[in-house]
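Content type mmCIF, C-alpha atoms, from the file coords29.cif:
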data_coords
#
loop_
_atom_site.label_atom_id
_atom_site.label_comp_id
_atom_site.auth_asym_id
_atom_site.auth_seq_id
_atom_site.Cartn_x
_atom_site.Cartn_y
_atom_site.Cartn_z
CA MET A 1 -22.80 46.18 15.90
CA LEU A 2 -22.35 48.09 12.64
CA GLU A 3 -18.59 48.42 13.04
CA ILE A 4 -16.61 46.10 10.78
CA LYS A 5 -13.74 44.54 12.70
CA THR A 6 -10.70 42.93 11.16
CA ALA A 7 -8.56 40.27 12.79
CA LYS A 8 -5.28 41.49 14.30
CA THR A 9 -3.93 38.08 15.31
CA ARG A 10 -3.61 34.72 13.58
CA LYS A 11 -6.05 33.14 16.02
CA GLY A 12 -8.63 35.83 15.25
CA LYS A 13 -8.11 35.33 11.52
CA ARG A 14 -8.71 31.57 11.86
CA GLU A 15 -11.87 32.25 13.87
CA LEU A 16 -13.23 34.59 11.20
CA GLU A 17 -12.47 32.00 8.50
CA LYS A 18 -14.47 29.41 10.48
CA ARG A 19 -17.46 31.74 10.64
CA ALA A 20 -17.27 32.78 6.98
CA PRO A 21 -19.84 31.34 4.53
CA LYS A 22 -18.80 28.02 3.01
CA LEU A 23 -19.90 26.03 -0.02
CA VAL A 24 -20.49 23.00 2.24
CA GLU A 25 -21.53 24.14 5.71
CA SER A 26 -20.35 22.35 8.85
CA GLY A 27 -22.61 21.16 11.69
CA LYS A 28 -24.87 23.67 13.44
CA LYS A 29 -24.14 24.78 17.01
CA THR A 30 -26.90 25.12 19.62
CA LEU A 31 -27.29 27.96 22.12
CA ILE A 32 -29.14 27.14 25.38
CA LEU A 33 -30.55 30.05 27.42
CA HIS A 34 -32.60 30.58 30.60
CA GLY A 35 -35.43 33.07 30.99
CA THR A 36 -36.24 35.30 33.94
CA LYS A 37 -37.99 32.47 35.77
CA THR A 38 -37.48 28.73 35.29
CA SER A 39 -38.71 25.67 37.17
CA GLY A 40 -36.69 22.71 38.43
CA VAL A 41 -38.11 20.52 35.66
CA LEU A 42 -37.16 23.04 32.99
CA ASN A 43 -33.63 23.40 34.37
CA ALA A 44 -33.24 19.61 34.19
CA VAL A 45 -34.57 19.56 30.60
CA LEU A 46 -32.09 22.23 29.46
CA THR A 47 -29.23 20.39 31.18
CA GLN A 48 -30.18 17.10 29.51
CA ILE A 49 -30.38 18.75 26.07
CA TYR A 50 -26.95 20.25 26.65
CA HIS A 51 -25.63 16.81 27.65
CA LEU A 52 -26.99 15.26 24.42
CA LYS A 53 -25.33 17.98 22.31
CA LYS A 54 -22.30 18.67 24.49
CA ASP A 55 -19.84 18.56 21.57
CA SER A 56 -21.71 21.28 19.63
CA ALA A 57 -23.59 23.40 22.20
CA VAL A 58 -23.09 26.54 24.29
CA LYS A 59 -25.05 26.87 27.56
CA TYR A 60 -25.60 30.10 29.50
CA SER A 61 -26.85 29.65 33.07
CA ARG A 62 -27.47 33.35 33.81
CA LYS A 63 -31.07 34.61 33.68
CA ASN A 64 -32.07 36.82 30.73
CA GLU A 65 -34.88 39.34 31.22
CA ASN A 66 -35.23 41.03 27.83
CA ILE A 67 -35.68 37.95 25.64
CA LYS A 68 -39.21 37.63 24.19
CA PRO A 69 -38.84 35.75 20.88
CA PHE A 70 -42.45 36.09 19.67
CA GLU A 71 -42.70 39.83 20.37
CA SER A 72 -41.28 42.57 18.16
CA GLY A 73 -38.06 43.92 19.64
CA GLY A 74 -37.73 40.99 22.01
CA GLU A 75 -35.37 39.05 19.75
CA THR A 76 -32.51 41.59 19.81
CA SER A 77 -30.65 39.87 22.66
CA LEU A 78 -31.11 36.48 20.97
CA GLU A 79 -29.57 37.75 17.74
CA PHE A 80 -26.68 39.29 19.69
CA PHE A 81 -25.94 35.99 21.49
CA SER A 82 -26.25 34.12 18.19
CA MET A 83 -23.62 36.34 16.58
CA LYS A 84 -21.37 36.21 19.66
CA THR A 85 -21.36 32.40 19.91
CA ASP A 86 -21.79 31.62 16.18
CA CYS A 87 -24.85 29.44 16.94
CA SER A 88 -27.62 29.00 14.37
CA ILE A 89 -30.06 27.10 16.66
CA PHE A 90 -31.22 28.18 20.11
CA VAL A 91 -33.29 26.65 22.92
CA TYR A 92 -34.82 29.17 25.34
CA GLY A 93 -36.54 28.04 28.55
CA SER A 94 -39.03 30.04 30.63
CA HIS A 95 -41.75 29.32 33.20
CA SER A 96 -44.94 31.24 33.96
CA LYS A 97 -48.50 30.59 35.16
CA LYS A 98 -49.87 30.99 31.64
CA ARG A 99 -47.17 28.86 29.97
CA PRO A 100 -45.55 26.49 32.49
CA ASP A 101 -42.33 24.64 31.58
CA ASN A 102 -42.10 26.47 28.27
CA LEU A 103 -39.43 25.82 25.62
CA VAL A 104 -38.85 27.96 22.53
CA ILE A 105 -36.76 26.28 19.83
CA GLY A 106 -35.73 28.46 16.94
CA ARG A 107 -33.31 28.82 14.04
CA THR A 108 -31.44 31.86 12.77
CA TYR A 109 -30.34 32.87 9.30
CA ASP A 110 -27.46 35.33 9.04
CA HIS A 111 -27.86 35.76 12.83
CA HIS A 112 -31.48 36.93 12.47
CA ILE A 113 -34.54 34.99 13.63
CA TYR A 114 -35.63 32.57 10.90
CA ASP A 115 -38.45 30.57 12.54
CA LEU A 116 -39.77 29.66 16.01
CA VAL A 117 -41.61 26.77 17.68
CA GLU A 118 -42.93 26.99 21.24
CA VAL A 119 -43.65 23.76 23.15
CA GLY A 120 -44.58 22.82 26.69
CA VAL A 121 -42.80 20.00 28.55
CA GLU A 122 -44.85 17.33 30.34
CA ASN A 123 -44.16 13.90 31.85
CA PHE A 124 -40.41 14.50 31.94
CA LYS A 125 -38.13 11.60 32.94
CA PRO A 126 -34.36 12.27 33.24
CA MET A 127 -31.58 9.88 32.30
CA GLU A 128 -30.98 8.92 35.92
CA SER A 129 -34.45 7.35 36.22
CA PHE A 130 -33.66 4.63 33.62
CA THR A 131 -31.86 1.42 34.54
CA TYR A 132 -29.57 -0.08 31.92
CA ASP A 133 -26.03 -1.33 31.45
CA ARG A 134 -23.80 1.75 31.50
CA LYS A 135 -21.26 0.02 29.25
CA THR A 136 -23.72 0.15 26.35
CA ALA A 137 -24.56 3.85 26.85
CA PRO A 138 -24.23 6.00 23.70
CA ARG A 139 -20.94 7.80 23.21
CA GLU A 140 -20.80 11.58 23.12
CA GLY A 141 -20.82 13.01 19.61
CA SER A 142 -22.00 9.81 17.89
CA LYS A 143 -24.32 10.07 14.89
CA PRO A 144 -27.97 9.30 15.78
CA PHE A 145 -30.92 7.70 14.03
CA ILE A 146 -34.05 9.90 14.11
CA ALA A 147 -37.44 8.20 13.71
CA PHE A 148 -40.72 10.12 13.26
CA ILE A 149 -43.77 7.93 13.82
CA GLY A 150 -47.30 9.10 12.99
CA GLU A 151 -49.23 10.68 10.13
CA GLY A 152 -49.32 14.02 11.92
CA PHE A 153 -45.77 14.82 10.84
CA GLU A 154 -46.98 14.83 7.22
CA ALA A 155 -50.53 16.18 7.59
CA VAL A 156 -50.45 18.82 10.38
CA ASP A 157 -48.61 22.07 9.65
CA GLU A 158 -47.49 22.58 13.26
CA LEU A 159 -45.97 19.09 13.47
CA LYS A 160 -44.37 19.38 10.01
CA HIS A 161 -42.65 22.56 11.15
CA PHE A 162 -41.70 20.99 14.49
CA LYS A 163 -40.18 18.03 12.63
CA GLU A 164 -37.91 20.33 10.57
CA VAL A 165 -36.69 22.10 13.71
CA LEU A 166 -36.04 18.82 15.59
CA LEU A 167 -34.06 17.45 12.64
CA ASP A 168 -31.76 20.47 12.64
CA LEU A 169 -31.45 20.33 16.44
CA LEU A 170 -30.59 16.61 16.77
CA ARG A 171 -28.90 15.35 13.61
CA GLY A 172 -25.48 16.93 14.17
CA GLU A 173 -22.86 16.87 11.41
CA VAL A 174 -24.14 16.04 7.93
CA VAL A 175 -22.20 13.09 6.44
CA GLU A 176 -22.48 10.98 3.30
CA ASN A 177 -21.37 7.57 4.60
CA LEU A 178 -21.81 5.87 7.98
CA ASN A 179 -20.18 2.92 9.68
CA LEU A 180 -22.88 0.66 11.12
CA ALA A 181 -20.71 -0.18 14.12
CA GLY A 182 -20.62 3.51 15.11
CA LEU A 183 -24.42 3.90 15.33
CA ASP A 184 -25.31 3.54 18.99
CA ARG A 185 -28.28 5.86 19.58
CA ALA A 186 -31.73 6.73 18.21
CA TYR A 187 -34.23 9.52 18.86
CA VAL A 188 -37.85 8.37 18.54
CA CYS A 189 -40.58 11.01 18.07
CA THR A 190 -44.20 9.77 18.09
CA ALA A 191 -47.16 11.99 17.17
CA LEU A 192 -49.83 11.16 19.77
CA SER A 193 -52.24 13.92 18.66
CA PRO A 194 -52.24 16.99 16.35
CA ASN A 195 -50.35 18.99 19.00
CA ARG A 196 -48.60 16.40 21.22
CA VAL A 197 -45.33 14.54 20.50
CA PHE A 198 -43.75 11.88 22.67
CA PHE A 199 -39.94 12.13 22.58
CA THR A 200 -37.52 9.49 23.86
CA HIS A 201 -33.83 8.67 23.56
CA CYS A 202 -32.73 5.04 23.06
CA ALA A 203 -29.45 3.16 22.84
CA LEU A 204 -28.89 0.73 19.95
CA ARG A 205 -27.62 -2.79 20.54
CA LEU A 206 -26.48 -5.02 17.70
CA LYS A 207 -27.48 -8.69 18.09
CA LYS A 208 -26.68 -11.77 16.02
CA SER A 209 -29.29 -12.50 13.36
CA GLY A 210 -27.74 -15.41 11.44
CA SER A 211 -26.95 -13.16 8.46
CA ILE A 212 -24.57 -10.35 7.54
CA VAL A 213 -27.04 -7.66 8.70
CA PRO A 214 -27.30 -7.66 12.53
CA ARG A 215 -30.54 -7.41 14.46
CA MET A 216 -31.05 -4.13 16.31
CA GLU A 217 -32.62 -3.68 19.73
CA LEU A 218 -33.68 -0.38 21.33
CA VAL A 219 -32.98 0.22 25.02
CA GLU A 220 -34.51 3.38 26.48
CA VAL A 221 -31.81 5.44 28.23
CA GLY A 222 -33.59 8.79 28.54
CA PRO A 223 -34.46 11.50 28.68
CA SER A 224 -38.11 11.13 27.66
CA MET A 225 -40.88 13.75 27.69
CA ASP A 226 -44.04 14.95 25.99
CA PHE A 227 -43.86 18.06 23.83
CA VAL A 228 -47.13 20.03 23.54
CA VAL A 229 -46.96 22.44 20.60
CA ARG A 230 -48.31 25.86 21.64
CA ARG A 231 -47.20 28.51 19.12
CA HIS A 232 -45.11 28.44 15.98
CA ARG A 233 -43.90 31.05 13.51
CA PRO A 234 -42.72 29.69 10.16
CA PRO A 235 -40.42 31.78 7.94
CA ASN A 236 -41.99 33.95 5.25
CA ASP A 237 -41.62 32.88 1.63
CA SER A 238 -39.02 35.49 0.65
CA LEU A 239 -36.76 34.64 3.61
CA ARG A 240 -37.11 30.89 2.99
CA LYS A 241 -36.24 31.39 -0.68
CA GLU A 242 -33.15 33.40 0.23
CA ALA A 243 -32.01 30.86 2.85
CA MET A 244 -32.44 27.94 0.45
CA LYS A 245 -30.19 29.44 -2.23
CA THR A 246 -27.21 27.35 -3.27
CA SER A 247 -23.92 28.50 -4.73
CA ARG A 248 -23.64 28.78 -8.51
CA GLU A 249 -20.00 27.92 -8.37
CA LYS A 250 -19.24 25.16 -10.85
CA PRO A 251 -18.30 21.85 -9.27
CA LYS A 252 -14.81 20.54 -9.79
CA LYS A 253 -14.46 18.60 -13.02
CA LYS A 254 -14.17 14.90 -12.42
CA GLU A 255 -10.84 13.34 -13.32
CA LYS A 256 -11.23 10.27 -15.47
CA ASN A 257 -9.48 7.03 -14.53
CA VAL A 258 -8.32 8.52 -11.21
CA LYS A 259 -9.41 7.46 -7.74
CA LYS A 260 -8.20 8.04 -4.19
CA ASP A 261 -7.39 5.49 -1.54
CA ALA A 262 -7.00 6.11 2.20
CA LEU A 263 -3.68 4.23 2.32
CA GLN A 264 -2.12 4.55 -1.14
CA GLY A 265 -3.37 8.06 -1.90
CA LYS A 266 -4.02 8.98 -5.53
CA ILE A 267 -4.29 6.01 -7.90
CA GLY A 268 -4.49 6.27 -11.70
CA ASN A 269 -5.44 3.72 -14.36
CA ILE A 270 -3.28 3.53 -17.52
CA TYR A 271 -4.69 1.84 -20.61
CA ILE A 272 -2.16 0.31 -23.06
CA PRO A 273 -3.29 -0.70 -26.60
CA ASP A 274 -2.89 -4.28 -27.83
CA GLN A 275 0.66 -4.99 -29.06
CA LYS A 276 1.03 -6.47 -32.56
CA VAL A 277 4.16 -8.53 -32.09
CA GLY A 278 4.25 -9.81 -35.68
CA GLU A 279 4.57 -6.32 -37.12
CA THR A 280 7.10 -5.08 -34.59
CA ALA A 281 10.50 -4.20 -36.10
CA LEU A 282 13.30 -5.83 -34.12
CA PRO A 283 16.28 -3.54 -33.36
CA TYR A 284 18.84 -6.30 -33.90
CA LYS A 285 19.20 -9.63 -35.71
CA ALA A 286 19.01 -12.74 -33.64
CA LYS A 287 22.03 -15.03 -33.52
CA GLY A 288 19.93 -17.95 -34.62
CA VAL A 289 19.06 -16.16 -37.86
CA LYS A 290 22.74 -15.38 -38.53
CA ARG A 291 23.69 -19.05 -37.98
CA GLU A 292 21.01 -20.27 -40.38
CA ARG A 293 22.16 -17.85 -43.06
CA ARG A 294 25.80 -18.88 -42.57
CA GLU A 295 24.91 -22.57 -42.83
CA ALA A 296 22.79 -21.92 -45.93
CA LYS A 297 25.72 -20.01 -47.52
CA GLN A 298 28.16 -22.81 -46.74
CA LYS A 299 25.80 -25.42 -48.19
CA LYS A 300 25.35 -23.34 -51.34
CA GLY A 301 29.11 -22.99 -51.70
CA SER A 302 29.68 -26.74 -51.30
CA ASP A 303 27.00 -27.49 -53.88
CA GLU A 304 28.59 -25.09 -56.37
CA HIS A 305 32.00 -26.67 -55.73
CA ALA A 306 30.62 -30.18 -56.25
CA SER A 307 28.89 -29.23 -59.50
CA LYS A 308 32.05 -27.53 -60.82
CA ARG A 309 34.16 -30.57 -60.03
CA LYS A 310 31.65 -32.82 -61.74
CA LYS A 311 31.91 -30.71 -64.92
CA GLU A 312 35.72 -30.94 -64.87
CA ASP A 313 35.60 -34.74 -64.57
CA SER A 314 33.25 -35.04 -67.47
#

Could you quickly redo this structure as structure tokens?
Amino acid sequence: MLEIKTAKTRKGKRELEKRAPKLVESGKKTLILHGTKTSGVLNAVLTQIYHLKKDSAVKYSRKNENIKPFESGGETSLEFFSMKTDCSIFVYGSHSKKRPDNLVIGRTYDHHIYDLVEVGVENFKPMESFTYDRKTAPREGSKPFIAFIGEGFEAVDELKHFKEVLLDLLRGEVVENLNLAGLDRAYVCTALSPNRVFFTHCALRLKKSGSIVPRMELVEVGPSMDFVVRRHRPPNDSLRKEAMKTSREKPKKKEKNVKKDALQGKIGNIYIPDQKVGETALPYKAKGVKRERREAKQKKGSDEHASKRKKEDS
């Protein structure tokens, strides 16, 4: 683990560049693991979570005996798998008489345990138990809405922490702009009590509303379940402060009067001052001006000739 390895191939070099720290981080990957003993319900829950995050998740089906996230020394295997798969979020399932259908959701920082939330699963309903039009089912990898309903997410420390973890687990890639037509799913989390959260997955349908903004309808497509918060371990202040640091690198200076278009590429605006036509020096003399001068000269010559002849006659 302490040995520093360098890439010997181009593919290995590209993989190391992907894992290197970035100024703007990409979406977080999720690692899904099984404990020594799991129930049929828990296996279905882990499979459904993997299906919801199939584009950015790694699932191991083999049983793991030495993983005990809340005990000292029991997180070594988790940190090893996190480094191996480059996953910063993990979901670990286990089943016992004391804690049946148990899920541990945690985050890592620099491939070390950052925080943990332990929940129990109750009243689980898989996707197959819901009847709906399969044509309107959400597409894999689409960006979801996430709704948190209830005062508990703002007042209870356990639920506030659970909300942070769920946001990182479900939101996927962080983007600045969204196309409304591409939003086809929503996760709804409702705080039923200080330690119980009802979770459901819904499909979004856009209906006509008589205006530009369409009317949205929610159709439950599953899975749905109750999460009962059992234990949680928030990060200590020093680790949180270190993880929240941002780069001091200066942002790129904005170019004035320059914008980018998807089709035309880079577009610049050029400002031209007002032209004073009256003061502009012409590079040549117009023919009309020459003709006027010639006619004026001829007229002057004829007048001089007439006046001279008049003098001679007198």

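Considering all atoms listed in the file, the residue among A:Val165, A:Leu116, A:Ile67, A:Val91 positioned nearest to A:Arg230 is A:Leu116.
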
Seminar exercise, completed: Closest of A:Val219, A:Glu292, A:Phe199, A:Val229 to A:Glu118, counting only C-alpha atoms, is A:Val229

Problem set entry | Explicit residues for the PyMOL selection byres ((chain A and resi 69-76) around 10) (as a VMD selection string) | chain A and resid 65 to 68 77 to 82 92 104 to 106 112 to 113 115 to 118 231 to 233

Problem set entry | Option closest in space to A:Met83, from A:Leu170, A:His51, A:Lys29, A:Asn102 [counting all atoms listed in the file] |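 The closest residue to A:Met83 is A:Lys29.
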
Problem set entry | Non-local contacts of A:Ala243 (12 Å; all atoms listed in the file; under 5 positions in same chain excluded) as a list in words |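 The filter keeps Arg107, Thr108, Tyr109, Asp110, His111, His112, Ile113, Tyr114, Asp115, Pro235, Asn236, Asp237 and Ser238 of chain A.
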
Exercise. Do you have the atom CA of A:Met225-atom CA of A:Phe124 distance handy?
Worked result: 4.3 Å

For this session: List the residues matched by the PyMOL selection byres ((chain A and resi 138-149) around 8) in the displayed structure as a ChimeraX atom specification, ordered by chain and then by residue number.
Result: /A:52-55,136-137,150-151,153,163,167,170-173,182-191,203-204

Give me a file of those residues, with C-alpha atoms, as an mmCIF file, in the coordinates of the input.
data_model
loop_
_atom_site.group_PDB
_atom_site.id
_atom_site.type_symbol
_atom_site.label_atom_id
_atom_site.label_comp_id
_atom_site.auth_asym_id
_atom_site.auth_seq_id
_atom_site.Cartn_x
_atom_site.Cartn_y
_atom_site.Cartn_z
ATOM 1 C CA LEU A 52 -26.990 15.260 24.420
ATOM 2 C CA LYS A 53 -25.330 17.980 22.310
ATOM 3 C CA LYS A 54 -22.300 18.670 24.490
ATOM 4 C CA ASP A 55 -19.840 18.560 21.570
ATOM 5 C CA THR A 136 -23.720 0.150 26.350
ATOM 6 C CA ALA A 137 -24.560 3.850 26.850
ATOM 7 C CA GLY A 150 -47.300 9.100 12.990
ATOM 8 C CA GLU A 151 -49.230 10.680 10.130
ATOM 9 C CA PHE A 153 -45.770 14.820 10.840
ATOM 10 C CA LYS A 163 -40.180 18.030 12.630
ATOM 11 C CA LEU A 167 -34.060 17.450 12.640
ATOM 12 C CA LEU A 170 -30.590 16.610 16.770
ATOM 13 C CA ARG A 171 -28.900 15.350 13.610
ATOM 14 C CA GLY A 172 -25.480 16.930 14.170
ATOM 15 C CA GLU A 173 -22.860 16.870 11.410
ATOM 16 C CA GLY A 182 -20.620 3.510 15.110
ATOM 17 C CA LEU A 183 -24.420 3.900 15.330
ATOM 18 C CA ASP A 184 -25.310 3.540 18.990
ATOM 19 C CA ARG A 185 -28.280 5.860 19.580
ATOM 20 C CA ALA A 186 -31.730 6.730 18.210
ATOM 21 C CA TYR A 187 -34.230 9.520 18.860
ATOM 22 C CA VAL A 188 -37.850 8.370 18.540
ATOM 23 C CA CYS A 189 -40.580 11.010 18.070
ATOM 24 C CA THR A 190 -44.200 9.770 18.090
ATOM 25 C CA ALA A 191 -47.160 11.990 17.170
ATOM 26 C CA ALA A 203 -29.450 3.160 22.840
ATOM 27 C CA LEU A 204 -28.890 0.730 19.950
#

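In terms of minimum interatomic distance to A:Lys125, A:Leu42 ranks closest within A:Glu304, A:Leu42, A:Glu17, A:Ala262, counting only C-alpha atoms.
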
Exercise. Between A:Asp86, A:Glu164, A:Glu15, A:Glu217, which one has atoms that come closest to A:Leu31, using only C-alpha atoms?
Worked result: A:Asp86

Problem set entry | Distance in Å - atom CA of A:Lys22 versus atom CA of A:Thr246 |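 Calculated distance between atom CA of A:Lys22 and atom CA of A:Thr246 is 10.5 Å.
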
For this session: For atom CA of A:Thr38 and atom CA of A:Pro234, quote the distance in Å rounded to one decimal.
Result: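 So the answer is 25.7 Å.
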
Exercise. With distances taken over all atoms listed in the file, which of A:Leu180, A:Val175, A:Leu159, A:Leu33 is nearest to A:Pro214?
Worked result: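 So, comparing all the options, the nearest one is A:Leu180.
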
For this session: Within 8 Å of A:Asn257, counting only C-alpha atoms, which residues show up once you throw out same-chain ones fewer than 4 positions away? Write them as a ChimeraX atom specification, please.
Result: /A:268-270

Do you know which residues the PyMOL selection byres ((chain A and resi 46) around 9) returns on this file, as a compact mmCIF listing (two decimals) with C-alpha atoms, keeping the file's coordinate frame?
# COMPACT_ATOMS: atom_id res chain seq x y z
CA ILE A 32 -29.14 27.14 25.38
CA LEU A 33 -30.55 30.05 27.42
CA HIS A 34 -32.60 30.58 30.60
CA VAL A 41 -38.11 20.52 35.66
CA LEU A 42 -37.16 23.04 32.99
CA ASN A 43 -33.63 23.40 34.37
CA ALA A 44 -33.24 19.61 34.19
CA VAL A 45 -34.57 19.56 30.60
CA THR A 47 -29.23 20.39 31.18
CA GLN A 48 -30.18 17.10 29.51
CA ILE A 49 -30.38 18.75 26.07
CA TYR A 50 -26.95 20.25 26.65
CA HIS A 51 -25.63 16.81 27.65
CA LYS A 59 -25.05 26.87 27.56
CA VAL A 91 -33.29 26.65 22.92
CA TYR A 92 -34.82 29.17 25.34
CA GLY A 93 -36.54 28.04 28.55
